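J.: So here's final.cif (mmCIF, C-alpha atoms (C1' of nucleotides)).
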```cif
data_coords
loop_
_atom_site.label_atom_id
_atom_site.label_comp_id
_atom_site.auth_asym_id
_atom_site.auth_seq_id
_atom_site.Cartn_x
_atom_site.Cartn_y
_atom_site.Cartn_z
CA MET A 1 69.06 86.81 118.92
CA ALA A 2 72.48 86.90 117.34
CA ARG A 3 74.55 89.94 118.23
CA GLU A 4 75.91 92.11 115.41
CA PRO A 5 79.71 92.11 115.33
CA ASP A 6 81.19 95.59 115.33
CA ASN A 7 82.13 95.79 111.71
CA SER A 8 83.21 99.39 111.86
CA LEU A 9 86.90 100.00 111.70
CA LYS A 10 88.82 102.63 113.56
CA LEU A 11 90.86 104.21 110.83
CA GLU A 12 93.26 105.85 113.26
CA GLU A 13 94.29 102.43 114.46
CA PHE A 14 94.40 100.77 111.10
CA LEU A 15 97.98 99.94 110.26
CA PRO A 16 97.94 100.59 106.51
CA TYR A 17 96.36 103.94 107.16
CA ARG A 18 98.89 104.91 109.76
CA LEU A 19 101.76 103.83 107.58
CA SER A 20 100.40 105.88 104.77
CA VAL A 21 100.04 108.97 106.91
CA LEU A 22 103.50 108.64 108.35
CA SER A 23 105.08 107.97 104.99
CA ASN A 24 103.32 110.88 103.34
CA THR A 25 104.13 113.27 106.13
CA VAL A 26 107.77 112.32 106.10
CA SER A 27 108.16 112.24 102.35
CA SER A 28 106.48 115.52 101.73
CA ALA A 29 108.49 117.16 104.45
CA ILE A 30 111.73 116.08 102.89
CA ALA A 31 110.52 116.74 99.39
CA ALA A 32 109.55 120.25 100.42
CA ALA A 33 113.03 120.73 101.78
CA TYR A 34 114.75 120.14 98.48
CA ALA A 35 112.06 120.43 95.85
CA GLU A 36 112.28 124.12 95.05
CA ARG A 37 115.75 124.62 96.34
CA PHE A 38 117.24 122.11 93.95
CA GLU A 39 114.46 121.67 91.44
CA LEU A 40 114.37 118.00 92.26
CA SER A 41 111.44 115.64 92.53
CA VAL A 42 111.32 112.53 94.67
CA PRO A 43 111.85 110.10 91.78
CA GLU A 44 114.75 112.19 90.56
CA TRP A 45 116.25 112.24 94.00
CA ARG A 46 115.98 108.49 94.19
CA VAL A 47 117.71 107.96 90.91
CA LEU A 48 120.37 110.42 91.95
CA ALA A 49 120.86 108.63 95.24
CA ILE A 50 121.15 105.26 93.58
CA LEU A 51 123.58 106.48 90.95
CA GLY A 52 125.59 108.27 93.59
CA ARG A 53 126.21 104.97 95.21
CA TYR A 54 126.22 102.65 92.24
CA PRO A 55 127.48 104.48 89.16
CA GLY A 56 127.07 102.80 85.82
CA LEU A 57 123.78 101.07 86.39
CA SER A 58 121.25 100.75 83.61
CA ALA A 59 117.81 102.27 83.91
CA GLY A 60 116.34 98.89 84.65
CA GLU A 61 118.82 98.22 87.40
CA VAL A 62 118.09 101.57 88.93
CA ALA A 63 114.42 100.68 88.86
CA GLY A 64 115.15 97.46 90.66
CA ARG A 65 117.24 99.08 93.37
CA ALA A 66 114.92 102.01 93.93
CA ALA A 67 111.73 99.97 93.82
CA MET A 68 110.47 102.29 91.13
CA ASP A 69 108.83 101.22 87.96
CA LYS A 70 110.66 101.59 84.71
CA VAL A 71 108.44 104.36 83.45
CA ALA A 72 109.13 106.47 86.51
CA VAL A 73 112.84 105.89 86.08
CA SER A 74 112.69 106.73 82.41
CA ARG A 75 111.03 110.04 83.13
CA ALA A 76 113.34 110.89 85.99
CA VAL A 77 116.32 110.06 83.81
CA THR A 78 115.00 112.29 81.04
CA ARG A 79 114.77 115.23 83.40
CA LEU A 80 118.11 114.60 84.97
CA LEU A 81 119.64 114.44 81.51
CA GLU A 82 117.97 117.68 80.52
CA ALA A 83 119.32 119.29 83.65
CA GLY A 84 122.76 117.91 82.85
CA ARG A 85 122.90 116.07 86.12
CA ILE A 86 123.65 112.65 84.74
CA ASN A 87 125.44 111.25 81.72
CA ARG A 88 124.17 108.41 79.66
CA ARG A 89 125.84 106.18 77.19
CA PHE A 90 124.85 102.80 75.84
CA ALA A 91 126.55 99.47 76.19
CA ASN A 92 128.43 98.28 73.12
CA ALA A 93 127.45 94.73 73.73
CA ASP A 94 123.77 95.63 73.91
CA ARG A 95 122.91 99.00 72.52
CA ARG A 96 119.56 99.09 74.31
CA ARG A 97 121.14 98.94 77.72
CA SER A 98 121.89 102.36 79.12
CA ILE A 99 124.80 103.17 81.36
CA LEU A 100 124.09 105.97 83.75
CA GLU A 101 126.26 108.01 86.02
CA LEU A 102 126.28 111.34 87.74
CA SER A 103 127.86 114.28 86.00
CA ALA A 104 129.86 116.85 87.92
CA LYS A 105 126.70 118.90 88.26
CA GLY A 106 124.86 115.82 89.43
CA ARG A 107 127.48 115.06 92.02
CA ALA A 108 127.24 118.61 93.28
CA VAL A 109 123.50 118.39 93.80
CA HIS A 110 123.83 114.96 95.28
CA ALA A 111 126.37 116.26 97.74
CA LYS A 112 124.02 119.00 98.82
CA VAL A 113 120.86 116.96 99.07
CA THR A 114 122.24 113.97 100.89
CA PRO A 115 122.96 115.85 104.12
CA VAL A 116 119.48 117.32 104.11
CA ALA A 117 118.02 113.83 103.81
CA ARG A 118 120.27 112.46 106.49
CA TYR A 119 119.48 115.37 108.72
CA TYR A 120 115.77 114.83 108.45
CA GLU A 121 116.13 111.17 109.14
CA ARG A 122 118.14 111.85 112.25
CA ALA A 123 115.72 114.49 113.42
CA LEU A 124 112.92 112.02 112.99
CA LEU A 125 114.69 109.33 114.97
CA GLU A 126 115.82 111.75 117.62
CA GLY A 127 113.17 110.72 120.11
CA LEU A 128 114.02 107.05 119.87
CA SER A 129 116.60 105.22 121.91
CA ALA A 130 119.22 103.11 120.19
CA THR A 131 117.36 99.92 120.98
CA GLU A 132 114.08 101.35 119.81
CA ARG A 133 115.66 102.25 116.53
CA LYS A 134 117.03 98.82 116.09
CA HIS A 135 113.68 97.27 116.88
CA PHE A 136 111.87 99.54 114.54
CA ASP A 137 114.35 98.72 111.86
CA GLN A 138 113.89 95.02 112.25
CA LEU A 139 110.13 95.29 112.45
CA LEU A 140 110.04 97.36 109.31
CA ASP A 141 112.05 94.70 107.57
CA LYS A 142 109.80 91.94 108.72
CA LEU A 143 106.71 93.79 107.61
CA LEU A 144 108.24 94.65 104.30
CA ARG A 145 109.07 91.06 103.56
CA ARG A 146 105.66 90.01 104.70
CA ALA A 147 103.96 92.62 102.55
CA TYR A 148 105.85 91.47 99.49
CA ALA A 149 104.95 87.89 100.22
CA LEU A 150 101.29 88.67 100.68
CA GLY A 151 100.96 90.54 97.46
CA PRO A 152 97.38 91.30 96.52
CA ALA A 153 95.25 90.95 99.61
CA THR A 154 93.66 87.55 99.63
CA PRO A 155 90.28 87.84 101.28
CA PRO A 156 88.94 85.32 103.81
CA SER A 157 87.77 83.21 100.92
CA ARG A 158 84.03 83.19 101.41
CA LYS A 159 83.76 80.10 99.31
CA THR A 160 84.95 77.70 101.94
CA ILE A 161 82.31 79.06 104.27
CA ARG A 162 79.22 79.78 102.28
CA SER A 163 79.04 76.23 101.00
CA VAL A 164 76.73 75.58 103.96
CA SER A 165 73.80 77.48 102.66
CA MET B 1 144.98 115.74 103.68
CA ALA B 2 141.37 115.90 104.78
CA ARG B 3 139.43 112.73 104.12
CA GLU B 4 136.23 112.97 102.08
CA PRO B 5 133.19 111.99 104.09
CA ASP B 6 131.10 109.32 102.40
CA ASN B 7 128.29 111.47 101.21
CA SER B 8 126.53 108.72 99.35
CA LEU B 9 123.41 107.41 100.94
CA LYS B 10 122.22 103.86 100.96
CA LEU B 11 118.66 104.18 99.84
CA GLU B 12 117.70 100.73 101.08
CA GLU B 13 118.55 101.83 104.59
CA PHE B 14 117.06 105.26 104.40
CA LEU B 15 114.02 105.39 106.65
CA PRO B 16 111.77 107.63 104.57
CA TYR B 17 112.42 105.44 101.59
CA ARG B 18 111.64 102.26 103.44
CA LEU B 19 108.50 103.70 104.88
CA SER B 20 107.39 104.74 101.47
CA VAL B 21 108.01 101.32 99.99
CA LEU B 22 106.21 99.56 102.79
CA SER B 23 103.30 101.93 102.72
CA ASN B 24 102.93 101.69 98.96
CA THR B 25 103.19 97.95 98.90
CA VAL B 26 100.60 97.58 101.61
CA SER B 27 98.22 100.19 100.28
CA SER B 28 98.25 98.96 96.75
CA ALA B 29 97.76 95.39 97.87
CA ILE B 30 94.66 96.32 99.80
CA ALA B 31 93.45 98.71 97.16
CA ALA B 32 93.78 95.97 94.57
CA ALA B 33 91.72 93.71 96.76
CA TYR B 34 88.68 95.94 96.77
CA ALA B 35 89.19 98.35 93.90
CA GLU B 36 87.55 96.42 91.08
CA ARG B 37 85.44 94.23 93.26
CA PHE B 38 83.64 97.14 94.84
CA GLU B 39 84.48 99.98 92.51
CA LEU B 40 86.05 101.80 95.41
CA SER B 41 89.13 103.99 95.52
CA VAL B 42 91.31 104.53 98.56
CA PRO B 43 89.94 107.99 99.34
CA GLU B 44 86.41 106.68 98.99
CA TRP B 45 87.19 103.79 101.26
CA ARG B 46 88.56 106.16 103.86
CA VAL B 47 85.50 108.32 103.81
CA LEU B 48 83.34 105.24 104.01
CA ALA B 49 85.31 103.94 106.96
CA ILE B 50 85.08 107.21 108.82
CA LEU B 51 81.37 107.59 108.21
CA GLY B 52 80.79 103.99 109.20
CA ARG B 53 82.16 104.81 112.57
CA TYR B 54 81.13 108.42 112.95
CA PRO B 55 77.91 109.05 111.08
CA GLY B 56 76.78 112.60 110.63
CA LEU B 57 80.15 114.25 110.24
CA SER B 58 80.64 117.14 107.87
CA ALA B 59 83.04 116.92 104.96
CA GLY B 60 85.55 119.00 106.85
CA GLU B 61 85.37 116.77 109.88
CA VAL B 62 85.87 113.73 107.71
CA ALA B 63 88.91 115.42 106.25
CA GLY B 64 90.28 116.01 109.72
CA ARG B 65 89.74 112.45 110.88
CA ALA B 66 91.02 110.83 107.72
CA ALA B 67 94.02 113.11 107.32
CA MET B 68 92.82 113.88 103.82
CA ASP B 69 92.60 117.29 102.33
CA LYS B 70 89.24 118.81 101.73
CA VAL B 71 89.44 118.57 97.97
CA ALA B 72 90.06 114.84 98.15
CA VAL B 73 87.11 114.48 100.48
CA SER B 74 84.92 116.56 98.25
CA ARG B 75 85.70 114.36 95.28
CA ALA B 76 85.26 111.15 97.17
CA VAL B 77 81.95 112.40 98.52
CA THR B 78 80.78 113.28 95.03
CA ARG B 79 81.46 109.78 93.82
CA LEU B 80 79.95 108.12 96.83
CA LEU B 81 76.84 110.24 96.35
CA GLU B 82 76.66 109.31 92.69
CA ALA B 83 76.94 105.67 93.64
CA GLY B 84 74.20 106.15 96.22
CA ARG B 85 76.48 105.00 99.00
CA ILE B 86 76.07 107.99 101.26
CA ASN B 87 73.35 110.53 101.99
CA ARG B 88 73.96 114.18 102.43
CA ARG B 89 71.91 116.93 103.93
CA PHE B 90 72.87 120.34 105.19
CA ALA B 91 72.69 121.74 108.69
CA ASN B 92 69.84 124.14 109.33
CA ALA B 93 71.98 126.24 111.58
CA ASP B 94 74.66 126.60 108.93
CA ARG B 95 73.63 125.66 105.45
CA ARG B 96 77.19 125.33 104.26
CA ARG B 97 77.93 122.51 106.66
CA SER B 98 77.15 119.10 105.22
CA ILE B 99 75.92 116.17 107.23
CA LEU B 100 77.04 112.88 105.83
CA GLU B 101 76.06 109.32 106.57
CA LEU B 102 76.11 105.95 104.94
CA SER B 103 73.05 104.84 103.02
CA ALA B 104 71.87 101.24 103.13
CA LYS B 105 73.95 100.58 100.05
CA GLY B 106 76.91 102.27 101.68
CA ARG B 107 76.56 100.17 104.79
CA ALA B 108 76.46 97.06 102.68
CA VAL B 109 79.71 97.91 100.94
CA HIS B 110 81.25 98.98 104.18
CA ALA B 111 80.32 95.67 105.74
CA LYS B 112 81.99 93.82 102.93
CA VAL B 113 85.14 95.85 102.70
CA THR B 114 85.95 96.12 106.38
CA PRO B 115 86.68 92.41 106.82
CA VAL B 116 88.98 92.45 103.82
CA ALA B 117 90.90 95.33 105.34
CA ARG B 118 91.07 93.69 108.73
CA TYR B 119 92.10 90.47 107.16
CA TYR B 120 94.99 92.04 105.35
CA GLU B 121 96.12 93.85 108.45
CA ARG B 122 96.11 90.64 110.43
CA ALA B 123 97.92 88.79 107.69
CA LEU B 124 100.56 91.46 107.69
CA LEU B 125 101.04 91.32 111.42
CA GLU B 126 100.98 87.56 111.49
CA GLY B 127 104.73 87.23 111.75
CA LEU B 128 104.98 89.55 114.74
CA SER B 129 104.63 88.57 118.36
CA ALA B 130 102.21 90.41 120.60
CA THR B 131 105.01 92.44 122.14
CA GLU B 132 106.49 93.25 118.79
CA ARG B 133 103.16 94.55 117.63
CA LYS B 134 102.80 96.71 120.66
CA HIS B 135 106.28 98.09 120.19
CA PHE B 136 105.74 98.77 116.56
CA ASP B 137 102.52 100.52 117.40
CA GLN B 138 104.15 102.76 119.92
CA LEU B 139 107.10 103.50 117.71
CA LEU B 140 104.82 104.38 114.84
CA ASP B 141 103.00 106.79 117.12
CA LYS B 142 106.17 108.40 118.29
CA LEU B 143 107.43 108.85 114.77
CA LEU B 144 104.13 110.20 113.61
CA ARG B 145 104.06 112.83 116.30
CA ARG B 146 107.65 113.66 115.62
CA ALA B 147 107.05 113.95 111.90
CA TYR B 148 104.17 116.33 112.46
CA ALA B 149 106.27 118.38 114.81
CA LEU B 150 109.17 118.59 112.39
CA GLY B 151 107.11 119.75 109.49
CA PRO B 152 109.14 120.91 106.54
CA ALA B 153 112.63 119.53 106.94
CA THR B 154 114.85 122.14 108.44
CA PRO B 155 118.30 121.74 106.99
CA PRO B 156 121.48 121.79 109.06
CA SER B 157 121.55 125.54 108.74
CA ARG B 158 124.90 126.03 107.03
CA LYS B 159 124.97 129.57 108.30
CA THR B 160 125.90 128.74 111.84
CA ILE B 161 128.78 126.70 110.53
CA ARG B 162 130.17 128.41 107.52
CA SER B 163 130.83 131.58 109.46
CA VAL B 164 134.29 130.14 109.90
CA SER B 165 134.86 130.47 106.19
"C1'" DA C 1 70.73 146.99 105.83
"C1'" DA C 2 75.38 147.29 103.27
"C1'" DC C 3 80.19 145.83 104.22
"C1'" DC C 4 84.14 142.79 105.44
"C1'" DG C 5 86.75 139.10 106.99
"C1'" DT C 6 86.12 134.08 107.51
"C1'" DT C 7 84.71 129.36 106.63
"C1'" DA C 8 82.60 125.10 103.95
"C1'" DG C 9 82.85 123.11 100.02
"C1'" DT C 10 83.47 123.04 94.84
"C1'" DT C 11 85.63 123.77 90.45
"C1'" DA C 12 89.38 124.72 87.09
"C1'" DC C 13 93.87 123.94 85.67
"C1'" DA C 14 98.34 122.21 85.67
"C1'" DT C 15 101.13 118.22 87.04
"C1'" DT C 16 101.98 113.73 88.13
"C1'" DT C 17 101.11 108.92 87.77
"C1'" DG C 18 100.08 104.40 85.82
"C1'" DC C 19 99.06 101.42 82.14
"C1'" DA C 20 99.35 99.90 77.60
"C1'" DA C 21 101.09 100.24 73.29
"C1'" DC C 22 105.02 101.05 70.78
"C1'" DT C 23 110.07 101.25 68.94
"C1'" DA C 24 114.41 99.46 68.70
"C1'" DG C 25 117.84 96.06 69.50
"C1'" DT C 26 118.99 91.13 70.59
"C1'" DG C 27 119.25 86.22 70.11
"C1'" DT C 28 117.86 81.90 68.51
"C1'" DA C 29 115.66 78.53 65.27
"C1'" DG C 30 114.78 77.19 60.92
"C1'" DC D 1 119.15 85.73 56.17
"C1'" DT D 2 114.37 85.64 57.76
"C1'" DA D 3 111.19 84.99 61.15
"C1'" DC D 4 109.78 85.01 65.76
"C1'" DA D 5 109.91 85.71 70.60
"C1'" DC D 6 111.91 88.56 74.03
"C1'" DT D 7 114.01 92.59 76.55
"C1'" DA D 8 115.21 97.83 77.38
"C1'" DG D 9 113.41 101.89 77.32
"C1'" DT D 10 110.04 105.52 75.57
"C1'" DT D 11 105.71 107.65 74.55
"C1'" DG D 12 100.73 108.67 74.58
"C1'" DC D 13 96.57 108.84 76.83
"C1'" DA D 14 93.45 108.66 80.64
"C1'" DA D 15 92.80 108.92 85.45
"C1'" DA D 16 94.42 110.76 90.01
"C1'" DT D 17 96.22 114.65 92.66
"C1'" DG D 18 97.54 119.26 94.34
"C1'" DT D 19 97.12 124.22 94.25
"C1'" DA D 20 94.71 128.17 93.79
"C1'" DA D 21 90.75 130.53 92.69
"C1'" DC D 22 86.04 130.67 93.26
"C1'" DT D 23 80.99 130.52 95.19
"C1'" DA D 24 77.89 130.51 98.84
"C1'" DA D 25 76.78 131.15 103.53
"C1'" DC D 26 78.05 133.15 108.14
"C1'" DG D 27 79.00 136.37 111.76
"C1'" DG D 28 79.76 140.31 113.29
"C1'" DT D 29 80.52 145.78 112.63
"C1'" DT D 30 79.09 150.01 111.50
#
```
Step by step, read the file and then write its structure as C-alpha cells.
T.:
Amino acid sequence: MAREPDNSLKLEEFLPYRLSVLSNTVSSAIAAAYAERFELSVPEWRVLAILGRYPGLSAGEVAGRAAMDKVAVSRAVTRLLEAGRINRRFANADRRRSILELSAKGRAVHAKVTPVARYYERALLEGLSATERKHFDQLLDKLLRRAYALGPATPPSRKTIRSVS
Amino acid sequence: MAREPDNSLKLEEFLPYRLSVLSNTVSSAIAAAYAERFELSVPEWRVLAILGRYPGLSAGEVAGRAAMDKVAVSRAVTRLLEAGRINRRFANADRRRSILELSAKGRAVHAKVTPVARYYERALLEGLSATERKHFDQLLDKLLRRAYALGPATPPSRKTIRSVS
DNA sequence: AACCGTTAGTTACATTTGCAACTAGTGTAG
DNA sequence: CTACACTAGTTGCAAATGTAACTAACGGTT
C-alpha cells in the first residue's frame, strides 16, 4: 500500500514565513522608534531617505528607487508637502513631471531620523561577524534577484503529469 | 572647520529595507499563486498550515505559533469556518477555549496548497548551494532572535552625549 | 453566592493599502 | 489643428489591518 507523503508544512521553517516575521519585526521596531516622535510613516521615511540622497527626482523615479508603487509615493508626497518637509515644482519641459527635494524642515527631520535607522541596523547586526554580514548581504542579494525573476509562483504544472490518467 | 558627516542613507543598502522588499516580493508571489485559485488569503493559509500540522489547537495557540495577532486569527478562522474548511468546538473544561481542526475540505485545500508553497521555496533557494542555505538559515535565526530582543528601536540616547553641550 | 481580576475570542472603528478609473499634459500621425 | 495613444500623477472606493473596547467564561476570595 502506497505510503502517504507528509504533506504538512512546518511553518516555522518555511522561508517566506520567516522572512515575513523578521521583516515585520524589524520594520515595526524602527517605525515605532520614529513614528510618533517625528510623525513619520514608513513610506514617508522612504521618500525622505531617497530625496535626501537624490534630490530633484520625480515621483515616478522615487517610486522606482524605493520599490514603492506610484500611489504610495503620491500619498507620501502629499503628506510631506503638507508638513512642509519637501518642495515640489514641475519641469518646464514636461509639466506633468514633478521635481522633488527636501525643504529645510525636511532636511532637519532627515538628519534626525537617519541616525536612528542606522543605529537600529547596527544593533541588529551586532551579533554577526564581519564575514557573516558579508555572506548575509550576498545571500540576500541572490534571493532578491531570484525572487524578482520568479515572479508569480509557477506551480509544478500538474498538466505534464496528469496526462497519464 | 568640522566636516559634515554624510547623514544620507543609501536605502538600497539598508538592511530593513532590503528585508522588506524581499519579504514582500516573495509573499506576494506566493499569495498570487494560491489567492484566486483557492480563495485563500495569507492569514488563512497560515492558520491552515498550522492546523494541518497541529490539529486541535486553540485560536490563541495558533496565534502563538503563526506569529499572528489574535484578531487576525479570529478573522481568518471566521472565514475558514464559513468556507467549511475547519471545524470548531469548545473545550468542556473551559468553554472559552476553542478547539480547531481541518475538515475534509480543509485537508483537501491544504494538500493542494502545500506543494505550491514548497515549490516556490525550492525555486527560490535553487541558486544557493547547500552550505549557503544552511548559513542563510542560521543567520536568519540569529537576526530573528536579535530583532525580538531589541524590540522597539532604542535610539543612540543623545542624553549621554549632549551633556557636553 | 456576590465580587474582582484575568483570559479567550469577537466586534467596532479608524487607518492604511491596493486597484482601477480618472485628469492633465505630451507627442506623433494624418 | 485634430485625433489618438501614451505617460505622470491623483483620487475614489473597497478590502485588509491594527487598536481598543467589549462580551463571555474562569478562578479564586471573601
J.: Within 9 Å of chain B, which residues of chain D are there when counting all atoms listed in the file? Please give them as a list in words.
T.: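 Taken together, these residues fit the definition: DT17, DG18, DA24, DA25 and DC26 of chain D.
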J.: Quick one: of A:Ala33, A:Ala66, A:Leu102, A:Ala91, who's nearest to chain C, counting only C-alpha atoms (C1' of nucleotides)?
T.: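 Closest to chain C, using only C-alpha atoms (C1' of nucleotides): A:Ala91.
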J.: Would you kindly report the residues of chain C within 10 Å of chain B, using only C-alpha atoms (C1' of nucleotides), as an MDAnalysis selection string?
T.: chainID C and resid 7:11
J.: For stretch 10-16 of chain D, list every protein, DNA or RNA residue within 8 Å, evaluated using all atoms listed in the file, and leave out those in the same chain fewer than 2 positions away; present the list as a PDB file with C-alpha atoms (C1' of nucleotides), keeping the file's coordinate frame.
T.:
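And here's result_0.pdb as it stands now:
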```
ATOM      1  CA  SER A  74     112.690 106.730  82.410  1.00  0.00           C
TER       2      SER A  74
ATOM      3  C1'  DT C  17     101.110 108.920  87.770  1.00  0.00           C
ATOM      4  C1'  DC C  22     105.020 101.050  70.780  1.00  0.00           C
ATOM      5  C1'  DT C  23     110.070 101.250  68.940  1.00  0.00           C
TER       6       DT C  23
END
```
J.: Where does the PyMOL selection byres ((chain B and resi 89) around 7) land in this file, that is, which residues does it pick, as a compact mmCIF listing (two decimals) with C-alpha atoms, in the frame of the given file?
T.:
```txt
# COMPACT_ATOMS: atom_id res chain seq x y z
CA ASN B 87 73.35 110.53 101.99
CA ARG B 88 73.96 114.18 102.43
CA PHE B 90 72.87 120.34 105.19
CA ALA B 91 72.69 121.74 108.69
CA SER B 98 77.15 119.10 105.22
CA ILE B 99 75.92 116.17 107.23
CA LEU B 100 77.04 112.88 105.83
```
J.: Set the cut-off to 7 Å and count all atoms listed in the file: what are the residues of chain A that reach chain B? Output as a ChimeraX atom specification.
T.: /A:7-9,11,15-16,19-20,22-23,25-27,29-30,32-33,49-50,52-53,111,114,116,119-121,124,136,139,143-144,146-147,151-153,155-156
J.: At a cut-off of 6 Å around the point (112.9, 98.5, 73.5) (file coordinates), what residues fall inside when counting only C-alpha atoms (C1' of nucleotides)? I'd like the answer as a CSV table (one decimal) with C-alpha atoms (C1' of nucleotides), in the coordinates of the input.
T.:
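Result file is point-v9.csv:
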```csv
chain,number,residue,atom,x,y,z
C,24,DA,C1',114.4,99.5,68.7
D,8,DA,C1',115.2,97.8,77.4
D,9,DG,C1',113.4,101.9,77.3
```
J.: Skipping near chain neighbours, those fewer than 2 positions away, what residues fall within 12 Å of C:DT28 using all atoms listed in the file, listed as a list in words?
T.: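 Contacts, with the query itself left out: DT26 and DG30 of chain C; DT2, DA3, DC4, DA5 and DC6 of chain D.
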J.: Mind giving me the straight-line distance from atom C1' of C:DT16 to atom CA of B:Arg85 in Å, one decimal?
T.: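 Those two atoms sit 29.1 Å apart.
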J.: Run the PyMOL selection byres ((chain C and resi 4) around 9) on the file and write out the hits as a list in words.
T.: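 Selected by the PyMOL selection byres ((chain C and resi 4) around 9) in this file: DC3 and DG5 of chain C; DT29 of chain D.
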J.: For atom CA of A:Glu36 and atom C1' of C:DA14, quote the distance in Å rounded to one decimal.
T.: 16.9 Å
J.: One number please: atom CA of A:Pro43 to atom CA of A:Gly64, in Å, one decimal.
T.: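 Computed distance, atom CA of A:Pro43 to atom CA of A:Gly64, equals 13.1 Å.
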J.: Would you fill the gaps in stretch 54-72 of chain A so it has N, CA and C atoms, then print it as an mmCIF file, keeping the file's coordinate frame?
T.:
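Contents of rebuild.cif, freshly written:
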```cif
data_model
loop_
_atom_site.group_PDB
_atom_site.id
_atom_site.type_symbol
_atom_site.label_atom_id
_atom_site.label_comp_id
_atom_site.auth_asym_id
_atom_site.auth_seq_id
_atom_site.Cartn_x
_atom_site.Cartn_y
_atom_site.Cartn_z
ATOM 1 N N TYR A 54 125.877 103.692 93.201
ATOM 2 C CA TYR A 54 126.220 102.650 92.240
ATOM 3 C C TYR A 54 126.289 103.216 90.830
ATOM 4 N N PRO A 55 127.380 103.856 90.477
ATOM 5 C CA PRO A 55 127.480 104.480 89.160
ATOM 6 C C PRO A 55 127.513 103.397 88.087
ATOM 7 N N GLY A 56 126.975 103.706 86.939
ATOM 8 C CA GLY A 56 127.070 102.800 85.820
ATOM 9 C C GLY A 56 125.922 101.830 85.657
ATOM 10 N N LEU A 57 124.939 101.949 86.518
ATOM 11 C CA LEU A 57 123.780 101.070 86.390
ATOM 12 C C LEU A 57 122.968 101.440 85.161
ATOM 13 N N SER A 58 122.198 100.473 84.684
ATOM 14 C CA SER A 58 121.250 100.750 83.610
ATOM 15 C C SER A 58 119.956 101.235 84.244
ATOM 16 N N ALA A 59 119.083 101.773 83.410
ATOM 17 C CA ALA A 59 117.810 102.270 83.910
ATOM 18 C C ALA A 59 117.047 101.166 84.641
ATOM 19 N N GLY A 60 117.060 100.000 84.041
ATOM 20 C CA GLY A 60 116.340 98.890 84.650
ATOM 21 C C GLY A 60 116.902 98.515 86.009
ATOM 22 N N GLU A 61 118.213 98.542 86.113
ATOM 23 C CA GLU A 61 118.820 98.220 87.400
ATOM 24 C C GLU A 61 118.498 99.275 88.441
ATOM 25 N N VAL A 62 118.476 100.513 88.010
ATOM 26 C CA VAL A 62 118.090 101.570 88.930
ATOM 27 C C VAL A 62 116.668 101.305 89.426
ATOM 28 N N ALA A 63 115.802 100.968 88.493
ATOM 29 C CA ALA A 63 114.420 100.680 88.860
ATOM 30 C C ALA A 63 114.363 99.590 89.922
ATOM 31 N N GLY A 64 115.136 98.554 89.706
ATOM 32 C CA GLY A 64 115.150 97.460 90.660
ATOM 33 C C GLY A 64 115.602 97.928 92.036
ATOM 34 N N ARG A 65 116.692 98.650 92.086
ATOM 35 C CA ARG A 65 117.240 99.080 93.370
ATOM 36 C C ARG A 65 116.370 100.101 94.067
ATOM 37 N N ALA A 66 115.683 100.930 93.306
ATOM 38 C CA ALA A 66 114.920 102.010 93.930
ATOM 39 C C ALA A 66 113.468 101.636 94.109
ATOM 40 N N ALA A 67 113.125 100.409 93.735
ATOM 41 C CA ALA A 67 111.730 99.970 93.820
ATOM 42 C C ALA A 67 110.820 100.952 93.086
ATOM 43 N N MET A 68 111.296 101.402 91.960
ATOM 44 C CA MET A 68 110.470 102.290 91.130
ATOM 45 C C MET A 68 110.114 101.512 89.870
ATOM 46 N N ASP A 69 109.062 101.930 89.196
ATOM 47 C CA ASP A 69 108.830 101.220 87.960
ATOM 48 C C ASP A 69 109.590 101.876 86.830
ATOM 49 N N LYS A 70 109.747 101.141 85.751
ATOM 50 C CA LYS A 70 110.660 101.590 84.710
ATOM 51 C C LYS A 70 110.215 102.893 84.067
ATOM 52 N N VAL A 71 108.917 103.117 84.026
ATOM 53 C CA VAL A 71 108.440 104.360 83.450
ATOM 54 C C VAL A 71 108.873 105.541 84.306
ATOM 55 N N ALA A 72 108.725 105.405 85.598
ATOM 56 C CA ALA A 72 109.130 106.470 86.510
ATOM 57 C C ALA A 72 110.618 106.758 86.348
#
```
